[in-house]
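Here the structure comes first, spelled out in structure tokens, and everything after it is commentary.
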Amino acid sequence: MTELIRMRGVSRTLTGQGEPRAVLSGIDLTIRGGQSVAVVGRSGSGKSTLLSLLGLFDRPDGGTYLLRGKDITHLPERRAAALRSAGFGFVFQRFLLLNHLTAAQNVAMALVNGQGWLTRRQRRAKVLAALDLVGVAHLAGHRPPRLSGGEQQRVAIARALVREPEVLLADEPTGALDTETGNLVVEVLRGAARRGCGLVLVTHDREHADKMDTVLELVEGRLT
Ligand SMILES: Nc1ncnc2c1ncn2[C@@H]1O[C@H](COP(=O)(O)OP(=O)(O)OP(=O)(O)O)[C@@H](O)[C@H]1O
């Protein structure tokens, strides 16, 4: 499997109102295409901070971050934004769908920026294919308020997958769902990894974590 992500010795210190705090230190992480990785850890252990670094929403203070062998540790924001939308898909606990748009229109929103060369027909085909991958193509014309939580999250995953990202980053995607629906969503995410995505799943749910290829635990900012 191709190596997608390699972090070595990554650290991040955050300064809020109080003293600077070393939130992450000595993070070594390798993720390959098709590999699913769960990140677990107590509240405050640094999971979201790690996802922010992986998704280029934030930069490390120390160490290196390579994507496909290219050093992106200190990428300027303009290039980071381009890479974020081309290479990464994001799924959050809150589905963040627009209620006045249909499921298909919500997914199509992800194709608006940077993919302007697509014809309407191509765009439609991509949207339906993404909805189909997560098993909700039949709901393409429905607006989010008419969908269940699990269906909404699957639309949100379709939105993350429609650009065919190399890496899918999911932050507590089952946090707002009941167990059965959560299991379904985890299966959908695993499916994305099986098709070649690198998947990072941050979760509090040990059962969901154990379904991934690799489980990493963050303890006080260090991976074990
Ligand atoms: N700007 C900041 N300045 C100082 N400390 C911060 C700042 N932002 C976050 N922190 C601290 O960094 C630690 C890690 O936060 P992070 O959100 O990454 O944890 P987490 O493992 O995702 O937690 P949770 O499971 O509750 O979401 C927490 O103790 C948090 O209070």
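Please note that chains go A, B, ... in the order of the structure tokens, that every chain numbers its residues from 1, and that ligands are numbered from 1 in the order shown.
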
Item to complete: Determine which residues of region 6-191 of chain A DSSP labels as strand (DSSP E or B) from the backbone of this structure, then write them out as an MDAnalysis selection string.
Response: chainID A and resid 6:14 21:32 36:41 62:67 70:71 88:91 167:171

Selection file, C-alpha atoms, as a PDB file, in the first residue's frame:
```
ATOM      1  CA  ARG A   6       4.182  10.313   7.596  1.00  0.00           C
ATOM      2  CA  MET A   7       4.507  12.397  10.743  1.00  0.00           C
ATOM      3  CA  ARG A   8       7.747  12.293  12.676  1.00  0.00           C
ATOM      4  CA  GLY A   9       8.353  13.850  16.056  1.00  0.00           C
ATOM      5  CA  VAL A  10       5.442  16.236  15.672  1.00  0.00           C
ATOM      6  CA  SER A  11       4.712  18.546  18.564  1.00  0.00           C
ATOM      7  CA  ARG A  12       2.168  21.274  19.169  1.00  0.00           C
ATOM      8  CA  THR A  13       1.995  23.712  22.044  1.00  0.00           C
ATOM      9  CA  LEU A  14      -1.156  25.786  22.433  1.00  0.00           C
ATOM     10  CA  ARG A  21       0.497  23.891  27.054  1.00  0.00           C
ATOM     11  CA  ALA A  22       2.339  21.094  25.225  1.00  0.00           C
ATOM     12  CA  VAL A  23      -0.760  19.381  23.781  1.00  0.00           C
ATOM     13  CA  LEU A  24       1.087  16.955  21.477  1.00  0.00           C
ATOM     14  CA  SER A  25       4.673  15.785  21.588  1.00  0.00           C
ATOM     15  CA  GLY A  26       6.799  13.248  19.734  1.00  0.00           C
ATOM     16  CA  ILE A  27       3.973  12.133  17.449  1.00  0.00           C
ATOM     17  CA  ASP A  28       5.101   9.465  14.953  1.00  0.00           C
ATOM     18  CA  LEU A  29       2.348   8.363  12.606  1.00  0.00           C
ATOM     19  CA  THR A  30       2.289   6.606   9.239  1.00  0.00           C
ATOM     20  CA  ILE A  31      -0.880   6.074   7.226  1.00  0.00           C
ATOM     21  CA  ARG A  32      -1.099   4.140   3.985  1.00  0.00           C
ATOM     22  CA  SER A  36      -7.971   2.659   8.634  1.00  0.00           C
ATOM     23  CA  VAL A  37      -6.629   4.100  11.868  1.00  0.00           C
ATOM     24  CA  ALA A  38      -8.580   4.826  15.018  1.00  0.00           C
ATOM     25  CA  VAL A  39      -7.355   7.448  17.456  1.00  0.00           C
ATOM     26  CA  VAL A  40      -8.730   7.056  20.945  1.00  0.00           C
ATOM     27  CA  GLY A  41      -7.910   8.806  24.191  1.00  0.00           C
ATOM     28  CA  GLY A  62       8.243  20.812  15.766  1.00  0.00           C
ATOM     29  CA  GLY A  63       8.792  17.650  13.741  1.00  0.00           C
ATOM     30  CA  THR A  64       7.880  16.937  10.139  1.00  0.00           C
ATOM     31  CA  TYR A  65       4.713  16.125   8.239  1.00  0.00           C
ATOM     32  CA  LEU A  66       5.050  14.468   4.836  1.00  0.00           C
ATOM     33  CA  LEU A  67       2.175  13.814   2.444  1.00  0.00           C
ATOM     34  CA  LYS A  70       6.371  15.827   0.187  1.00  0.00           C
ATOM     35  CA  ASP A  71       7.184  18.010   3.182  1.00  0.00           C
ATOM     36  CA  PHE A  88      -8.731  15.566   2.297  1.00  0.00           C
ATOM     37  CA  GLY A  89     -12.321  14.780   3.213  1.00  0.00           C
ATOM     38  CA  PHE A  90     -13.718  15.760   6.591  1.00  0.00           C
ATOM     39  CA  VAL A  91     -16.556  14.311   8.626  1.00  0.00           C
ATOM     40  CA  VAL A 167      -7.368  10.907   3.226  1.00  0.00           C
ATOM     41  CA  LEU A 168     -10.631  10.908   5.137  1.00  0.00           C
ATOM     42  CA  LEU A 169     -10.549  12.479   8.605  1.00  0.00           C
ATOM     43  CA  ALA A 170     -13.515  11.764  10.855  1.00  0.00           C
ATOM     44  CA  ASP A 171     -13.900  13.460  14.241  1.00  0.00           C
TER      45      ASP A 171
END
```

Could you list, as a PDB file with C-alpha atoms, in the first residue's frame, all the residues within 9 Å of ligand 1, counting only C-alpha atoms and all ligand atoms?
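Result file follows (result.pdb):
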```
ATOM      1  CA  THR A  13       1.995  23.712  22.044  1.00  0.00           C
ATOM      2  CA  LEU A  14      -1.156  25.786  22.433  1.00  0.00           C
ATOM      3  CA  THR A  15      -1.487  29.041  24.295  1.00  0.00           C
ATOM      4  CA  GLY A  16      -4.895  30.077  25.474  1.00  0.00           C
ATOM      5  CA  GLN A  17      -5.459  32.455  28.328  1.00  0.00           C
ATOM      6  CA  GLY A  18      -3.187  30.538  30.685  1.00  0.00           C
ATOM      7  CA  GLU A  19       0.295  29.092  30.397  1.00  0.00           C
ATOM      8  CA  PRO A  20       1.413  27.556  27.073  1.00  0.00           C
ATOM      9  CA  ARG A  21       0.497  23.891  27.054  1.00  0.00           C
ATOM     10  CA  ALA A  22       2.339  21.094  25.225  1.00  0.00           C
ATOM     11  CA  VAL A  23      -0.760  19.381  23.781  1.00  0.00           C
ATOM     12  CA  LEU A  24       1.087  16.955  21.477  1.00  0.00           C
ATOM     13  CA  VAL A  40      -8.730   7.056  20.945  1.00  0.00           C
ATOM     14  CA  GLY A  41      -7.910   8.806  24.191  1.00  0.00           C
ATOM     15  CA  ARG A  42      -9.452  10.595  27.120  1.00  0.00           C
ATOM     16  CA  SER A  43     -11.084  13.937  26.720  1.00  0.00           C
ATOM     17  CA  GLY A  44      -8.347  16.555  26.424  1.00  0.00           C
ATOM     18  CA  SER A  45      -5.669  14.079  25.323  1.00  0.00           C
ATOM     19  CA  GLY A  46      -5.139  15.952  22.045  1.00  0.00           C
ATOM     20  CA  LYS A  47      -7.218  14.004  19.517  1.00  0.00           C
ATOM     21  CA  SER A  48      -8.827  17.017  17.856  1.00  0.00           C
ATOM     22  CA  THR A  49      -5.515  18.869  17.857  1.00  0.00           C
ATOM     23  CA  LEU A  50      -3.948  15.940  16.008  1.00  0.00           C
ATOM     24  CA  LEU A  51      -6.771  15.906  13.443  1.00  0.00           C
ATOM     25  CA  SER A  52      -6.333  19.664  12.921  1.00  0.00           C
ATOM     26  CA  ASP A 171     -13.900  13.460  14.241  1.00  0.00           C
ATOM     27  CA  GLU A 172     -16.423  11.606  16.410  1.00  0.00           C
ATOM     28  CA  VAL A 202     -11.297   9.812  16.219  1.00  0.00           C
ATOM     29  CA  THR A 203     -13.739   8.106  18.531  1.00  0.00           C
ATOM     30  CA  HIS A 204     -14.640   7.523  22.142  1.00  0.00           C
ATOM     31  CA  LEU A 218      -3.274   9.338  22.820  1.00  0.00           C
ATOM     32  CA  VAL A 219      -2.159   9.644  26.394  1.00  0.00           C
ATOM     33  CA  GLU A 220      -1.276  13.144  27.487  1.00  0.00           C
ATOM     34  CA  GLY A 221      -0.323  14.171  23.983  1.00  0.00           C
TER      35      GLY A 221
END
```

Practice prompt. Enter the distance from CA of Leu54 (chain A) to CA of Asp205 (chain A), in Å, rounded to one decimal.
Written response: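 Rounded to one decimal, the two atoms are 20.9 Å apart.
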
Item to complete: Fewer than 5 positions away in the same chain doesn't count, so skip those; otherwise give me all residues within 12 Å of Arg146 (chain A), counting only C-alpha atoms, as a ChimeraX atom specification.
Response: /A:99-103,139-141,151-152

Using only N, CA and C atoms, please write the residues we just selected to a file, as an mmCIF file, in the first residue's frame.
```
data_model
loop_
_atom_site.group_PDB
_atom_site.id
_atom_site.type_symbol
_atom_site.label_atom_id
_atom_site.label_comp_id
_atom_site.auth_asym_id
_atom_site.auth_seq_id
_atom_site.Cartn_x
_atom_site.Cartn_y
_atom_site.Cartn_z
ATOM 1 N N ASN A 99 -29.915 22.889 5.449
ATOM 2 C CA ASN A 99 -31.269 22.335 5.501
ATOM 3 C C ASN A 99 -32.149 22.708 4.311
ATOM 4 N N HIS A 100 -31.823 23.825 3.647
ATOM 5 C CA HIS A 100 -32.696 24.253 2.539
ATOM 6 C C HIS A 100 -32.279 23.607 1.218
ATOM 7 N N LEU A 101 -31.186 22.856 1.236
ATOM 8 C CA LEU A 101 -30.750 22.165 0.015
ATOM 9 C C LEU A 101 -31.065 20.681 0.129
ATOM 10 N N THR A 102 -31.232 20.019 -1.013
ATOM 11 C CA THR A 102 -31.449 18.572 -0.990
ATOM 12 C C THR A 102 -30.125 17.874 -0.655
ATOM 13 N N ALA A 103 -30.223 16.573 -0.390
ATOM 14 C CA ALA A 103 -29.009 15.783 -0.124
ATOM 15 C C ALA A 103 -28.038 15.923 -1.293
ATOM 16 N N LEU A 139 -32.171 8.841 -1.585
ATOM 17 C CA LEU A 139 -32.605 10.014 -0.815
ATOM 18 C C LEU A 139 -32.077 11.315 -1.412
ATOM 19 N N ALA A 140 -31.558 11.237 -2.644
ATOM 20 C CA ALA A 140 -30.889 12.388 -3.273
ATOM 21 C C ALA A 140 -31.749 13.650 -3.254
ATOM 22 N N GLY A 141 -33.057 13.492 -3.445
ATOM 23 C CA GLY A 141 -33.929 14.658 -3.556
ATOM 24 C C GLY A 141 -34.502 15.140 -2.223
ATOM 25 N N GLU A 151 -28.866 8.882 8.292
ATOM 26 C CA GLU A 151 -28.934 9.229 6.865
ATOM 27 C C GLU A 151 -28.215 10.553 6.610
ATOM 28 N N GLN A 152 -28.422 11.497 7.525
ATOM 29 C CA GLN A 152 -27.743 12.800 7.361
ATOM 30 C C GLN A 152 -26.222 12.624 7.422
#
```

Worksheet item: Residues at most 9 Å from Arg84 (chain A), counting only C-alpha atoms, excluding those fewer than 4 positions away in the same chain, as a PyMOL selection string?
Response: chain A and resi 55-57+79-80+88-89

Can you tell me, as a PDB file with N, CA and C atoms, in the first residue's frame, what residues are no more than 12 Å from Lys126 (chain A) when counting only C-alpha atoms, ignoring any on the same chain fewer than 3 positions away?
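Below is the file that was written, part10.pdb:
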```pdb
ATOM      1  N   ALA A 104     -28.559  15.798  -2.511  1.00  0.00           N
ATOM      2  CA  ALA A 104     -27.692  15.889  -3.698  1.00  0.00           C
ATOM      3  C   ALA A 104     -27.046  17.264  -3.803  1.00  0.00           C
ATOM      4  N   GLN A 105     -27.831  18.312  -3.520  1.00  0.00           N
ATOM      5  CA  GLN A 105     -27.268  19.668  -3.606  1.00  0.00           C
ATOM      6  C   GLN A 105     -26.205  19.891  -2.529  1.00  0.00           C
ATOM      7  N   VAL A 107     -24.196  17.613  -1.343  1.00  0.00           N
ATOM      8  CA  VAL A 107     -22.974  16.922  -1.801  1.00  0.00           C
ATOM      9  C   VAL A 107     -22.330  17.723  -2.937  1.00  0.00           C
ATOM     10  N   ALA A 108     -23.177  18.259  -3.820  1.00  0.00           N
ATOM     11  CA  ALA A 108     -22.660  19.018  -4.969  1.00  0.00           C
ATOM     12  C   ALA A 108     -21.893  20.260  -4.529  1.00  0.00           C
ATOM     13  N   MET A 109     -22.252  20.804  -3.353  1.00  0.00           N
ATOM     14  CA  MET A 109     -21.547  21.985  -2.838  1.00  0.00           C
ATOM     15  C   MET A 109     -20.042  21.742  -2.766  1.00  0.00           C
ATOM     16  N   ALA A 110     -19.669  20.502  -2.458  1.00  0.00           N
ATOM     17  CA  ALA A 110     -18.238  20.184  -2.324  1.00  0.00           C
ATOM     18  C   ALA A 110     -17.530  20.210  -3.672  1.00  0.00           C
ATOM     19  N   LEU A 111     -18.300  20.203  -4.741  1.00  0.00           N
ATOM     20  CA  LEU A 111     -17.680  20.218  -6.078  1.00  0.00           C
ATOM     21  C   LEU A 111     -17.611  21.624  -6.662  1.00  0.00           C
ATOM     22  N   GLN A 115     -13.606  22.769  -8.983  1.00  0.00           N
ATOM     23  CA  GLN A 115     -14.000  21.717  -9.914  1.00  0.00           C
ATOM     24  C   GLN A 115     -14.970  22.310 -10.935  1.00  0.00           C
ATOM     25  N   LEU A 118     -16.329  20.872 -14.443  1.00  0.00           N
ATOM     26  CA  LEU A 118     -17.281  19.770 -14.622  1.00  0.00           C
ATOM     27  C   LEU A 118     -18.565  20.276 -15.283  1.00  0.00           C
ATOM     28  N   THR A 119     -19.096  19.487 -16.197  1.00  0.00           N
ATOM     29  CA  THR A 119     -20.407  19.840 -16.754  1.00  0.00           C
ATOM     30  C   THR A 119     -21.461  19.468 -15.709  1.00  0.00           C
ATOM     31  N   ARG A 120     -22.651  20.018 -15.900  1.00  0.00           N
ATOM     32  CA  ARG A 120     -23.747  19.680 -14.983  1.00  0.00           C
ATOM     33  C   ARG A 120     -23.948  18.186 -14.895  1.00  0.00           C
ATOM     34  N   ARG A 121     -23.869  17.556 -16.043  1.00  0.00           N
ATOM     35  CA  ARG A 121     -24.110  16.121 -16.114  1.00  0.00           C
ATOM     36  C   ARG A 121     -23.034  15.327 -15.360  1.00  0.00           C
ATOM     37  N   GLN A 122     -21.767  15.753 -15.538  1.00  0.00           N
ATOM     38  CA  GLN A 122     -20.675  15.081 -14.828  1.00  0.00           C
ATOM     39  C   GLN A 122     -20.819  15.270 -13.324  1.00  0.00           C
ATOM     40  N   ARG A 123     -21.193  16.508 -12.965  1.00  0.00           N
ATOM     41  CA  ARG A 123     -21.359  16.813 -11.544  1.00  0.00           C
ATOM     42  C   ARG A 123     -22.453  15.927 -10.934  1.00  0.00           C
ATOM     43  N   ALA A 129     -23.034   9.031  -7.579  1.00  0.00           N
ATOM     44  CA  ALA A 129     -22.107   7.933  -7.275  1.00  0.00           C
ATOM     45  C   ALA A 129     -21.683   7.996  -5.809  1.00  0.00           C
ATOM     46  N   ALA A 130     -21.424   9.207  -5.312  1.00  0.00           N
ATOM     47  CA  ALA A 130     -21.008   9.349  -3.901  1.00  0.00           C
ATOM     48  C   ALA A 130     -22.155   8.962  -2.965  1.00  0.00           C
ATOM     49  N   LEU A 131     -23.365   9.396  -3.301  1.00  0.00           N
ATOM     50  CA  LEU A 131     -24.518   9.032  -2.463  1.00  0.00           C
ATOM     51  C   LEU A 131     -24.746   7.518  -2.501  1.00  0.00           C
ATOM     52  N   ASP A 132     -24.505   6.941  -3.656  1.00  0.00           N
ATOM     53  CA  ASP A 132     -24.677   5.508  -3.815  1.00  0.00           C
ATOM     54  C   ASP A 132     -23.665   4.730  -2.966  1.00  0.00           C
ATOM     55  N   LEU A 133     -22.421   5.229  -2.933  1.00  0.00           N
ATOM     56  CA  LEU A 133     -21.370   4.566  -2.149  1.00  0.00           C
ATOM     57  C   LEU A 133     -21.765   4.409  -0.686  1.00  0.00           C
ATOM     58  N   ALA A 137     -28.447   6.885  -2.203  1.00  0.00           N
ATOM     59  CA  ALA A 137     -28.760   7.503  -3.506  1.00  0.00           C
ATOM     60  C   ALA A 137     -30.260   7.744  -3.646  1.00  0.00           C
ATOM     61  N   ALA A 158     -20.839  11.303   2.074  1.00  0.00           N
ATOM     62  CA  ALA A 158     -20.837  11.398   0.604  1.00  0.00           C
ATOM     63  C   ALA A 158     -20.225  12.732   0.169  1.00  0.00           C
ATOM     64  N   ARG A 159     -20.577  13.796   0.905  1.00  0.00           N
ATOM     65  CA  ARG A 159     -20.020  15.117   0.590  1.00  0.00           C
ATOM     66  C   ARG A 159     -18.496  15.104   0.756  1.00  0.00           C
ATOM     67  N   LEU A 161     -16.631  12.462   0.374  1.00  0.00           N
ATOM     68  CA  LEU A 161     -16.015  11.510  -0.567  1.00  0.00           C
ATOM     69  C   LEU A 161     -16.108  11.951  -2.027  1.00  0.00           C
ATOM     70  N   VAL A 162     -16.971  12.920  -2.320  1.00  0.00           N
ATOM     71  CA  VAL A 162     -17.295  13.204  -3.719  1.00  0.00           C
ATOM     72  C   VAL A 162     -16.080  13.709  -4.516  1.00  0.00           C
ATOM     73  N   ARG A 163     -15.122  14.314  -3.809  1.00  0.00           N
ATOM     74  CA  ARG A 163     -13.910  14.755  -4.505  1.00  0.00           C
ATOM     75  C   ARG A 163     -12.848  13.664  -4.557  1.00  0.00           C
ATOM     76  N   GLU A 164     -13.214  12.478  -4.097  1.00  0.00           N
ATOM     77  CA  GLU A 164     -12.293  11.342  -4.068  1.00  0.00           C
ATOM     78  C   GLU A 164     -10.996  11.683  -3.333  1.00  0.00           C
TER      79      GLU A 164
END
```

Worksheet item: Taking into account only C-alpha atoms, which residue in the set A:Asp61, A:Ala156, A:Asp213, A:Pro173 is nearest to Arg194 (chain A)?
Response: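 Of the candidates, the smallest distance to Arg194 (chain A) is held by A:Asp213.
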
Item to complete: Could you tell me how far CA of Glu187 (chain A) lies from CA of Leu83 (chain A), in Å and to one decimal?
Response: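 Those two atoms sit 26.6 Å apart.
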
Response to the item:
Pairwise distance, CA of Thr73 (chain A) with CA of Ala160 (chain A), equals 23.3 Å

Item to complete: Determine which residues of region 43-160 of chain A receive a DSSP assignment of alpha helix (DSSP H), computed from the backbone, and state them as a ChimeraX atom specification.
Response: /A:47-54,77-87,103-112,120-133,149-160

Write a file of the selected residues as a PDB file, in the first residue's frame, keeping C-alpha atoms.
```pdb
ATOM      1  CA  LYS A  47      -7.218  14.004  19.517  1.00  0.00           C
ATOM      2  CA  SER A  48      -8.827  17.017  17.856  1.00  0.00           C
ATOM      3  CA  THR A  49      -5.515  18.869  17.857  1.00  0.00           C
ATOM      4  CA  LEU A  50      -3.948  15.940  16.008  1.00  0.00           C
ATOM      5  CA  LEU A  51      -6.771  15.906  13.443  1.00  0.00           C
ATOM      6  CA  SER A  52      -6.333  19.664  12.921  1.00  0.00           C
ATOM      7  CA  LEU A  53      -2.658  19.115  12.158  1.00  0.00           C
ATOM      8  CA  LEU A  54      -3.403  16.186   9.844  1.00  0.00           C
ATOM      9  CA  GLU A  77      -2.194  28.828   4.122  1.00  0.00           C
ATOM     10  CA  ARG A  78      -3.124  29.445   0.486  1.00  0.00           C
ATOM     11  CA  ARG A  79      -1.480  26.205  -0.615  1.00  0.00           C
ATOM     12  CA  ALA A  80      -2.749  24.382   2.460  1.00  0.00           C
ATOM     13  CA  ALA A  81      -6.312  25.395   1.573  1.00  0.00           C
ATOM     14  CA  ALA A  82      -5.906  24.041  -1.940  1.00  0.00           C
ATOM     15  CA  LEU A  83      -4.452  20.786  -0.648  1.00  0.00           C
ATOM     16  CA  ARG A  84      -7.156  20.510   2.004  1.00  0.00           C
ATOM     17  CA  SER A  85      -9.924  20.624  -0.549  1.00  0.00           C
ATOM     18  CA  ALA A  86      -8.160  18.432  -3.105  1.00  0.00           C
ATOM     19  CA  GLY A  87      -6.681  15.754  -0.881  1.00  0.00           C
ATOM     20  CA  ALA A 103     -29.009  15.783  -0.124  1.00  0.00           C
ATOM     21  CA  ALA A 104     -27.692  15.889  -3.698  1.00  0.00           C
ATOM     22  CA  GLN A 105     -27.268  19.668  -3.606  1.00  0.00           C
ATOM     23  CA  ASN A 106     -25.406  19.415  -0.287  1.00  0.00           C
ATOM     24  CA  VAL A 107     -22.974  16.922  -1.801  1.00  0.00           C
ATOM     25  CA  ALA A 108     -22.660  19.018  -4.969  1.00  0.00           C
ATOM     26  CA  MET A 109     -21.547  21.985  -2.838  1.00  0.00           C
ATOM     27  CA  ALA A 110     -18.238  20.184  -2.324  1.00  0.00           C
ATOM     28  CA  LEU A 111     -17.680  20.218  -6.078  1.00  0.00           C
ATOM     29  CA  VAL A 112     -18.297  23.929  -6.522  1.00  0.00           C
ATOM     30  CA  ARG A 120     -23.747  19.680 -14.983  1.00  0.00           C
ATOM     31  CA  ARG A 121     -24.110  16.121 -16.114  1.00  0.00           C
ATOM     32  CA  GLN A 122     -20.675  15.081 -14.828  1.00  0.00           C
ATOM     33  CA  ARG A 123     -21.359  16.813 -11.544  1.00  0.00           C
ATOM     34  CA  ARG A 124     -24.692  15.043 -11.180  1.00  0.00           C
ATOM     35  CA  ALA A 125     -23.083  11.678 -11.935  1.00  0.00           C
ATOM     36  CA  LYS A 126     -20.364  12.216  -9.332  1.00  0.00           C
ATOM     37  CA  VAL A 127     -22.891  13.294  -6.707  1.00  0.00           C
ATOM     38  CA  LEU A 128     -25.111  10.282  -7.307  1.00  0.00           C
ATOM     39  CA  ALA A 129     -22.107   7.933  -7.275  1.00  0.00           C
ATOM     40  CA  ALA A 130     -21.008   9.349  -3.901  1.00  0.00           C
ATOM     41  CA  LEU A 131     -24.518   9.032  -2.463  1.00  0.00           C
ATOM     42  CA  ASP A 132     -24.677   5.508  -3.815  1.00  0.00           C
ATOM     43  CA  LEU A 133     -21.370   4.566  -2.149  1.00  0.00           C
ATOM     44  CA  GLY A 149     -29.427  11.265  11.908  1.00  0.00           C
ATOM     45  CA  GLY A 150     -27.701   8.273  10.316  1.00  0.00           C
ATOM     46  CA  GLU A 151     -28.934   9.229   6.865  1.00  0.00           C
ATOM     47  CA  GLN A 152     -27.743  12.800   7.361  1.00  0.00           C
ATOM     48  CA  GLN A 153     -24.328  11.583   8.437  1.00  0.00           C
ATOM     49  CA  ARG A 154     -24.131   9.350   5.365  1.00  0.00           C
ATOM     50  CA  VAL A 155     -24.929  12.357   3.176  1.00  0.00           C
ATOM     51  CA  ALA A 156     -22.163  14.237   4.997  1.00  0.00           C
ATOM     52  CA  ILE A 157     -19.783  11.341   4.266  1.00  0.00           C
ATOM     53  CA  ALA A 158     -20.837  11.398   0.604  1.00  0.00           C
ATOM     54  CA  ARG A 159     -20.020  15.117   0.590  1.00  0.00           C
ATOM     55  CA  ALA A 160     -16.572  14.303   1.983  1.00  0.00           C
TER      56      ALA A 160
END
```

Worksheet entry | Nearest residue to Gly69 (chain A) from the set A:Leu147, A:Leu97, A:Val215, A:Ile5 (distances using only C-alpha atoms) |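 For Gly69 (chain A), the nearest of the given residues is A:Ile5.
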